[in-house]
Every structure is written in C-alpha cells, then in structure tokens.
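**Student:** This is entry-v1.pdb, which holds PDB, C-alpha atoms, pLDDT in the B column:
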```
ATOM      1  CA  MET A1335     -17.535  -6.995  -2.295  1.00 47.00           C
ATOM      2  CA  LEU A1336     -14.824  -5.195  -0.343  1.00 50.00           C
ATOM      3  CA  GLY A1337     -11.850  -7.276   0.747  1.00 58.00           C
ATOM      4  CA  VAL A1338     -11.816  -8.119   4.463  1.00 80.00           C
ATOM      5  CA  HIS A1339      -8.015  -8.014   4.394  1.00 86.00           C
ATOM      6  CA  GLU A1340      -8.008  -4.505   2.888  1.00 93.00           C
ATOM      7  CA  PHE A1341     -10.723  -3.325   5.289  1.00 94.00           C
ATOM      8  CA  SER A1342      -8.722  -4.311   8.368  1.00 94.00           C
ATOM      9  CA  ILE A1343      -5.611  -2.657   6.875  1.00 95.00           C
ATOM     10  CA  ALA A1344      -7.609   0.539   6.250  1.00 96.00           C
ATOM     11  CA  GLU A1345      -8.931   0.512   9.829  1.00 96.00           C
ATOM     12  CA  GLY A1346      -5.447   0.079  11.286  1.00 96.00           C
ATOM     13  CA  LEU A1347      -4.022   2.749   9.008  1.00 96.00           C
ATOM     14  CA  ALA A1348      -6.758   5.214   9.973  1.00 96.00           C
ATOM     15  CA  ALA A1349      -6.022   4.593  13.659  1.00 96.00           C
ATOM     16  CA  GLN A1350      -2.305   5.275  13.079  1.00 96.00           C
ATOM     17  CA  VAL A1351      -3.036   8.468  11.167  1.00 95.00           C
ATOM     18  CA  LEU A1352      -5.350   9.737  13.927  1.00 92.00           C
ATOM     19  CA  ALA A1353      -2.726   8.899  16.556  1.00 93.00           C
ATOM     20  CA  ASN A1354       0.039  10.738  14.667  1.00 93.00           C
ATOM     21  CA  ALA A1355      -1.707  13.727  13.088  1.00 91.00           C
ATOM     22  CA  PRO A1356      -1.808  16.983  15.069  1.00 89.00           C
ATOM     23  CA  ALA A1357      -4.954  17.290  17.194  1.00 86.00           C
ATOM     24  CA  GLY A1358      -7.713  19.102  15.355  1.00 84.00           C
ATOM     25  CA  ALA A1359      -5.879  19.093  12.014  1.00 88.00           C
ATOM     26  CA  ARG A1360      -7.673  18.195   8.800  1.00 91.00           C
ATOM     27  CA  VAL A1361      -5.821  15.353   7.084  1.00 94.00           C
ATOM     28  CA  ARG A1362      -5.418  15.981   3.344  1.00 95.00           C
ATOM     29  CA  GLU A1363      -3.223  13.096   2.189  1.00 97.00           C
ATOM     30  CA  VAL A1364      -1.737   9.883   3.538  1.00 97.00           C
ATOM     31  CA  GLU A1365       1.149   8.089   1.845  1.00 98.00           C
ATOM     32  CA  ILE A1366       1.939   4.433   2.437  1.00 98.00           C
ATOM     33  CA  ARG A1367       4.426   1.892   1.043  1.00 97.00           C
ATOM     34  CA  VAL A1368       3.192  -1.668   0.569  1.00 96.00           C
ATOM     35  CA  GLY A1369       5.380  -4.703  -0.090  1.00 95.00           C
ATOM     36  CA  ALA A1370       4.436  -7.240  -2.734  1.00 94.00           C
ATOM     37  CA  LEU A1371       3.958 -10.041  -0.172  1.00 92.00           C
ATOM     38  CA  ARG A1372       1.085  -8.139   1.467  1.00 91.00           C
ATOM     39  CA  GLY A1373      -1.140  -9.129  -1.425  1.00 88.00           C
ATOM     40  CA  LEU A1374      -3.136  -5.904  -1.260  1.00 91.00           C
ATOM     41  CA  GLU A1375      -5.444  -4.863  -4.056  1.00 92.00           C
ATOM     42  CA  PRO A1376      -4.974  -1.072  -4.297  1.00 93.00           C
ATOM     43  CA  GLU A1377      -8.502  -0.421  -5.611  1.00 94.00           C
ATOM     44  CA  ALA A1378     -10.053  -2.403  -2.765  1.00 94.00           C
ATOM     45  CA  LEU A1379      -7.876  -0.601  -0.208  1.00 96.00           C
ATOM     46  CA  LEU A1380      -8.934   2.787  -1.606  1.00 96.00           C
ATOM     47  CA  MET A1381     -12.633   1.859  -1.308  1.00 96.00           C
ATOM     48  CA  CYS A1382     -12.081   0.626   2.242  1.00 96.00           C
ATOM     49  CA  TRP A1383     -10.149   3.806   3.106  1.00 97.00           C
ATOM     50  CA  ASP A1384     -13.076   5.944   1.943  1.00 96.00           C
ATOM     51  CA  SER A1385     -15.427   3.836   4.049  1.00 95.00           C
ATOM     52  CA  VAL A1386     -13.459   3.862   7.317  1.00 96.00           C
ATOM     53  CA  THR A1387     -12.586   7.574   7.106  1.00 95.00           C
ATOM     54  CA  PHE A1388     -16.130   8.757   6.368  1.00 95.00           C
ATOM     55  CA  GLY A1389     -17.230  11.234   9.043  1.00 91.00           C
ATOM     56  CA  THR A1390     -13.713  11.585  10.516  1.00 88.00           C
ATOM     57  CA  PRO A1391     -11.064  14.330  10.225  1.00 83.00           C
ATOM     58  CA  MET A1392      -9.616  12.155   7.434  1.00 91.00           C
ATOM     59  CA  ALA A1393     -12.781  12.162   5.306  1.00 94.00           C
ATOM     60  CA  GLY A1394     -11.847  12.993   1.741  1.00 95.00           C
ATOM     61  CA  ALA A1395      -8.113  12.517   2.373  1.00 96.00           C
ATOM     62  CA  ILE A1396      -6.218  11.098  -0.578  1.00 97.00           C
ATOM     63  CA  LEU A1397      -4.519   7.765   0.064  1.00 97.00           C
ATOM     64  CA  GLN A1398      -1.322   7.436  -1.991  1.00 98.00           C
ATOM     65  CA  ILE A1399      -0.185   3.825  -2.301  1.00 97.00           C
ATOM     66  CA  ASP A1400       3.379   3.007  -3.319  1.00 96.00           C
ATOM     67  CA  GLN A1401       2.939  -0.643  -4.298  1.00 95.00           C
ATOM     68  CA  ARG A1402       6.367  -2.303  -4.370  1.00 95.00           C
ATOM     69  CA  ALA A1403       7.096  -4.667  -7.255  1.00 94.00           C
ATOM     70  CA  TRP A1404       8.147  -8.297  -7.083  1.00 95.00           C
ATOM     71  CA  SER A1405      11.843  -9.060  -7.509  1.00 96.00           C
ATOM     72  CA  ILE A1406      12.310 -11.899  -9.974  1.00 96.00           C
ATOM     73  CA  THR A1407      15.492 -13.974 -10.333  1.00 97.00           C
ATOM     74  CA  CYS A1408      16.066 -16.542 -13.054  1.00 97.00           C
ATOM     75  CA  SER A1409      17.842 -19.644 -11.761  1.00 95.00           C
ATOM     76  CA  ASP A1410      19.034 -20.498 -15.292  1.00 96.00           C
ATOM     77  CA  CYS A1411      20.575 -17.269 -16.616  1.00 97.00           C
ATOM     78  CA  ARG A1412      20.779 -15.321 -13.306  1.00 96.00           C
ATOM     79  CA  ARG A1413      18.857 -12.400 -14.814  1.00 96.00           C
ATOM     80  CA  GLU A1414      17.123 -10.194 -12.213  1.00 97.00           C
ATOM     81  CA  TRP A1415      14.208  -7.832 -12.808  1.00 97.00           C
ATOM     82  CA  THR A1416      11.068  -6.445 -11.199  1.00 95.00           C
ATOM     83  CA  SER A1417       7.497  -7.278 -12.100  1.00 95.00           C
ATOM     84  CA  PRO A1418       4.029  -6.268 -10.856  1.00 92.00           C
ATOM     85  CA  VAL A1419       3.091  -9.989 -10.820  1.00 92.00           C
ATOM     86  CA  PRO A1420       5.020 -12.870  -9.215  1.00 93.00           C
ATOM     87  CA  PHE A1421       4.683 -15.583 -11.851  1.00 94.00           C
ATOM     88  CA  VAL A1422       6.346 -14.684 -15.134  1.00 96.00           C
ATOM     89  CA  SER A1423       8.678 -16.390 -17.583  1.00 96.00           C
ATOM     90  CA  CYS A1424      12.249 -15.297 -18.204  1.00 97.00           C
ATOM     91  CA  GLU A1425      13.427 -14.137 -21.610  1.00 96.00           C
ATOM     92  CA  CYS A1426      15.832 -17.107 -21.670  1.00 96.00           C
ATOM     93  CA  GLY A1427      12.856 -19.491 -21.712  1.00 96.00           C
ATOM     94  CA  ASN A1428      12.799 -20.490 -18.028  1.00 97.00           C
ATOM     95  CA  ALA A1429       9.113 -20.716 -17.129  1.00 96.00           C
ATOM     96  CA  THR A1430       9.716 -20.801 -13.361  1.00 96.00           C
ATOM     97  CA  PRO A1431      11.982 -17.966 -12.206  1.00 96.00           C
ATOM     98  CA  ILE A1432      11.955 -17.272  -8.474  1.00 96.00           C
ATOM     99  CA  PRO A1433       9.781 -14.390  -7.186  1.00 95.00           C
ATOM    100  CA  SER A1434      10.565 -12.602  -3.936  1.00 95.00           C
ATOM    101  CA  GLY A1435       9.159  -9.555  -2.260  1.00 92.00           C
ATOM    102  CA  SER A1436       8.884  -7.710   0.990  1.00 93.00           C
ATOM    103  CA  ASP A1437       5.939  -7.578   3.367  1.00 93.00           C
ATOM    104  CA  GLU A1438       6.340  -3.990   4.504  1.00 94.00           C
ATOM    105  CA  LEU A1439       3.354  -1.790   5.203  1.00 95.00           C
ATOM    106  CA  ASP A1440       4.768   1.584   6.147  1.00 96.00           C
ATOM    107  CA  LEU A1441       3.071   4.879   6.867  1.00 96.00           C
ATOM    108  CA  ILE A1442       5.371   7.272   5.003  1.00 97.00           C
ATOM    109  CA  ALA A1443       3.721  10.693   5.315  1.00 97.00           C
ATOM    110  CA  ILE A1444       0.652  12.515   6.568  1.00 96.00           C
ATOM    111  CA  THR A1445      -0.222  15.862   4.988  1.00 95.00           C
ATOM    112  CA  VAL A1446      -2.519  18.114   7.009  1.00 94.00           C
ATOM    113  CA  ASP A1447      -3.940  21.609   6.815  1.00 88.00           C
ATOM    114  CA  GLU A1448      -2.233  23.991   9.197  1.00 75.00           C
ATOM    115  CA  VAL A1449      -3.895  24.187  12.579  1.00 64.00           C
ATOM    116  CA  GLU A1450      -4.871  27.729  13.507  1.00 64.00           C
ATOM    117  CA  THR A1451      -3.957  28.711  17.043  1.00 59.00           C
TER     118      THR A1451
END
```
As structure tokens, what does this structure read like?
**Tutor:**
Amino acid sequence: MLGVHEFSIAEGLAAQVLANAPAGARVREVEIRVGALRGLEPEALLMCWDSVTFGTPMAGAILQIDQRAWSITCSDCRREWTSPVPFVSCECGNATPIPSGSDELDLIAITVDEVET
C-alpha cells in the first residue's frame, strides 16, 4: 500500500514543478532534499511520484531524492556522527545518544528539455 504521507508530498511536489517549469517543456528530472524529520520512505515517494505524474508533462521524469541523515550526539563522550537511522548506540557504550535532524523538503532543481520556439 502506498503511503498517504508520501502521496500528498508527491502531489504537492508535482504542483510546484508544474508551476516553476517553463510552459510546454518536458520535465526530465526533479531533484529534492529531504530532512530526516520528514520521515519519508524514498521507495514509497518514488511510487507515488510515478502515480501522480502519469499523463502529465512530468511523466517518466526521474525523481532524485537527497535524503539527509540524522545527526547523533553522545551525551557521555560528546562524540558526534551521522546515521541513516535515529536510534543507535555509541561506540563508548551509551545506548541512548541524542538524535536530531531537520525537516526540510526543498525543491533543488528541475531539468527540462529545451523548448523549441
């Protein structure tokens, strides 16, 4: 089952791409940056993207997702690192380091075919 959260993100993203792409241009690629706090599943977002862009000038466009990692800080040894998951143990043995992340969802780039005049 497709994620409702990812589907609404894909719909909003498609609307932004249509609003910002040159009129009549064929969209080839869309690049976004997603913060860890968004909780997006990239595979689900890609399926939703294919669904919402079907039959539009964006049909077949590649969606590039830059999924930002979690920042982890150990309260015991002060070590800092990044992780794709929020709940990890520190090398010093601390089982509860502090995860933090951003909630950005930014449209970075739209690549289109040149529009013939």
**Student:** Report the closest atom pair, with its distance in Å rounded to one decimal, for each residue of stretch 1380-1435 of chain A that has an atom no farther than 7 Å from stretch 1343-1348 of chain A; count only C-alpha atoms, sort by chain and then rising residue number, and write it as JSON lines.
**Tutor:**
```
{"residue": "A:Cys1382", "atom": "CA", "partner": "A:Ala1344", "partner_atom": "CA", "distance": 6.0}
{"residue": "A:Trp1383", "atom": "CA", "partner": "A:Ala1344", "partner_atom": "CA", "distance": 5.2}
{"residue": "A:Val1386", "atom": "CA", "partner": "A:Glu1345", "partner_atom": "CA", "distance": 6.2}
{"residue": "A:Thr1387", "atom": "CA", "partner": "A:Ala1348", "partner_atom": "CA", "distance": 6.9}
```
**Student:** Go through stretch 1338-1396 of chain A residue by residue and, counting only C-alpha atoms, keep those with an atom at most 9 Å from stretch 1426-1447 of chain A; for each kept residue give the shortest atom pair and its distance in Å to one decimal, ordered by chain and increasing number, as JSON lines.
**Tutor:**
```
{"residue": "A:Leu1347", "atom": "CA", "partner": "A:Leu1441", "partner_atom": "CA", "distance": 7.7}
{"residue": "A:Gln1350", "atom": "CA", "partner": "A:Leu1441", "partner_atom": "CA", "distance": 8.2}
{"residue": "A:Val1351", "atom": "CA", "partner": "A:Ile1444", "partner_atom": "CA", "distance": 7.2}
{"residue": "A:Asn1354", "atom": "CA", "partner": "A:Ile1444", "partner_atom": "CA", "distance": 8.3}
{"residue": "A:Ala1355", "atom": "CA", "partner": "A:Ile1444", "partner_atom": "CA", "distance": 7.0}
{"residue": "A:Pro1356", "atom": "CA", "partner": "A:Val1446", "partner_atom": "CA", "distance": 8.2}
{"residue": "A:Ala1359", "atom": "CA", "partner": "A:Asp1447", "partner_atom": "CA", "distance": 6.1}
{"residue": "A:Arg1360", "atom": "CA", "partner": "A:Asp1447", "partner_atom": "CA", "distance": 5.4}
{"residue": "A:Val1361", "atom": "CA", "partner": "A:Val1446", "partner_atom": "CA", "distance": 4.3}
{"residue": "A:Arg1362", "atom": "CA", "partner": "A:Val1446", "partner_atom": "CA", "distance": 5.1}
{"residue": "A:Glu1363", "atom": "CA", "partner": "A:Thr1445", "partner_atom": "CA", "distance": 4.9}
{"residue": "A:Val1364", "atom": "CA", "partner": "A:Ile1444", "partner_atom": "CA", "distance": 4.7}
{"residue": "A:Glu1365", "atom": "CA", "partner": "A:Ala1443", "partner_atom": "CA", "distance": 5.0}
{"residue": "A:Ile1366", "atom": "CA", "partner": "A:Leu1441", "partner_atom": "CA", "distance": 4.6}
{"residue": "A:Arg1367", "atom": "CA", "partner": "A:Asp1440", "partner_atom": "CA", "distance": 5.1}
{"residue": "A:Val1368", "atom": "CA", "partner": "A:Leu1439", "partner_atom": "CA", "distance": 4.6}
{"residue": "A:Gly1369", "atom": "CA", "partner": "A:Asp1437", "partner_atom": "CA", "distance": 4.5}
{"residue": "A:Ala1370", "atom": "CA", "partner": "A:Gly1435", "partner_atom": "CA", "distance": 5.3}
{"residue": "A:Leu1371", "atom": "CA", "partner": "A:Asp1437", "partner_atom": "CA", "distance": 4.7}
{"residue": "A:Arg1372", "atom": "CA", "partner": "A:Asp1437", "partner_atom": "CA", "distance": 5.2}
{"residue": "A:Gly1373", "atom": "CA", "partner": "A:Asp1437", "partner_atom": "CA", "distance": 8.7}
{"residue": "A:Ala1395", "atom": "CA", "partner": "A:Thr1445", "partner_atom": "CA", "distance": 9.0}
```
**Student:** Taking (-2.1, 3.8, -6.6) in the file's coordinates as the center, which residues reach within 9 Å of it, counting all atoms listed in the file, put as JSON, numbers by chain?
**Tutor:** {"A": [1376, 1377, 1380, 1397, 1398, 1399, 1400, 1401]}
**Student:** Once the PyMOL selection byres ((chain A and resi 1406) around 9) is applied to the coordinates I shared, what remains selected? I want it as a PyMOL selection string.
**Tutor:** chain A and resi 1404-1405+1407-1408+1413-1417+1420-1422+1424+1431-1435
**Student:** In Å, rounded to a single decimal, give me how far atom CA of A:Glu1340 is from atom CA of A:Glu1375.
**Tutor:**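 Going from atom CA of A:Glu1375 over to atom CA of A:Glu1340, I get 7.4 Å.
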**Student:** Report the distance between atom CA of A:Ile1396 and atom CA of A:Asp1384 in Å, rounded to one decimal place.
**Tutor:**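 Separating atom CA of A:Ile1396 from atom CA of A:Asp1384 is a distance of 8.9 Å.
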**Student:** Would you mind reading off the distance between atom CA of A:Met1381 and atom CA of A:Ser1342, one decimal, in Å?
**Tutor:**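 Going from atom CA of A:Met1381 over to atom CA of A:Ser1342 covers 12.1 Å.
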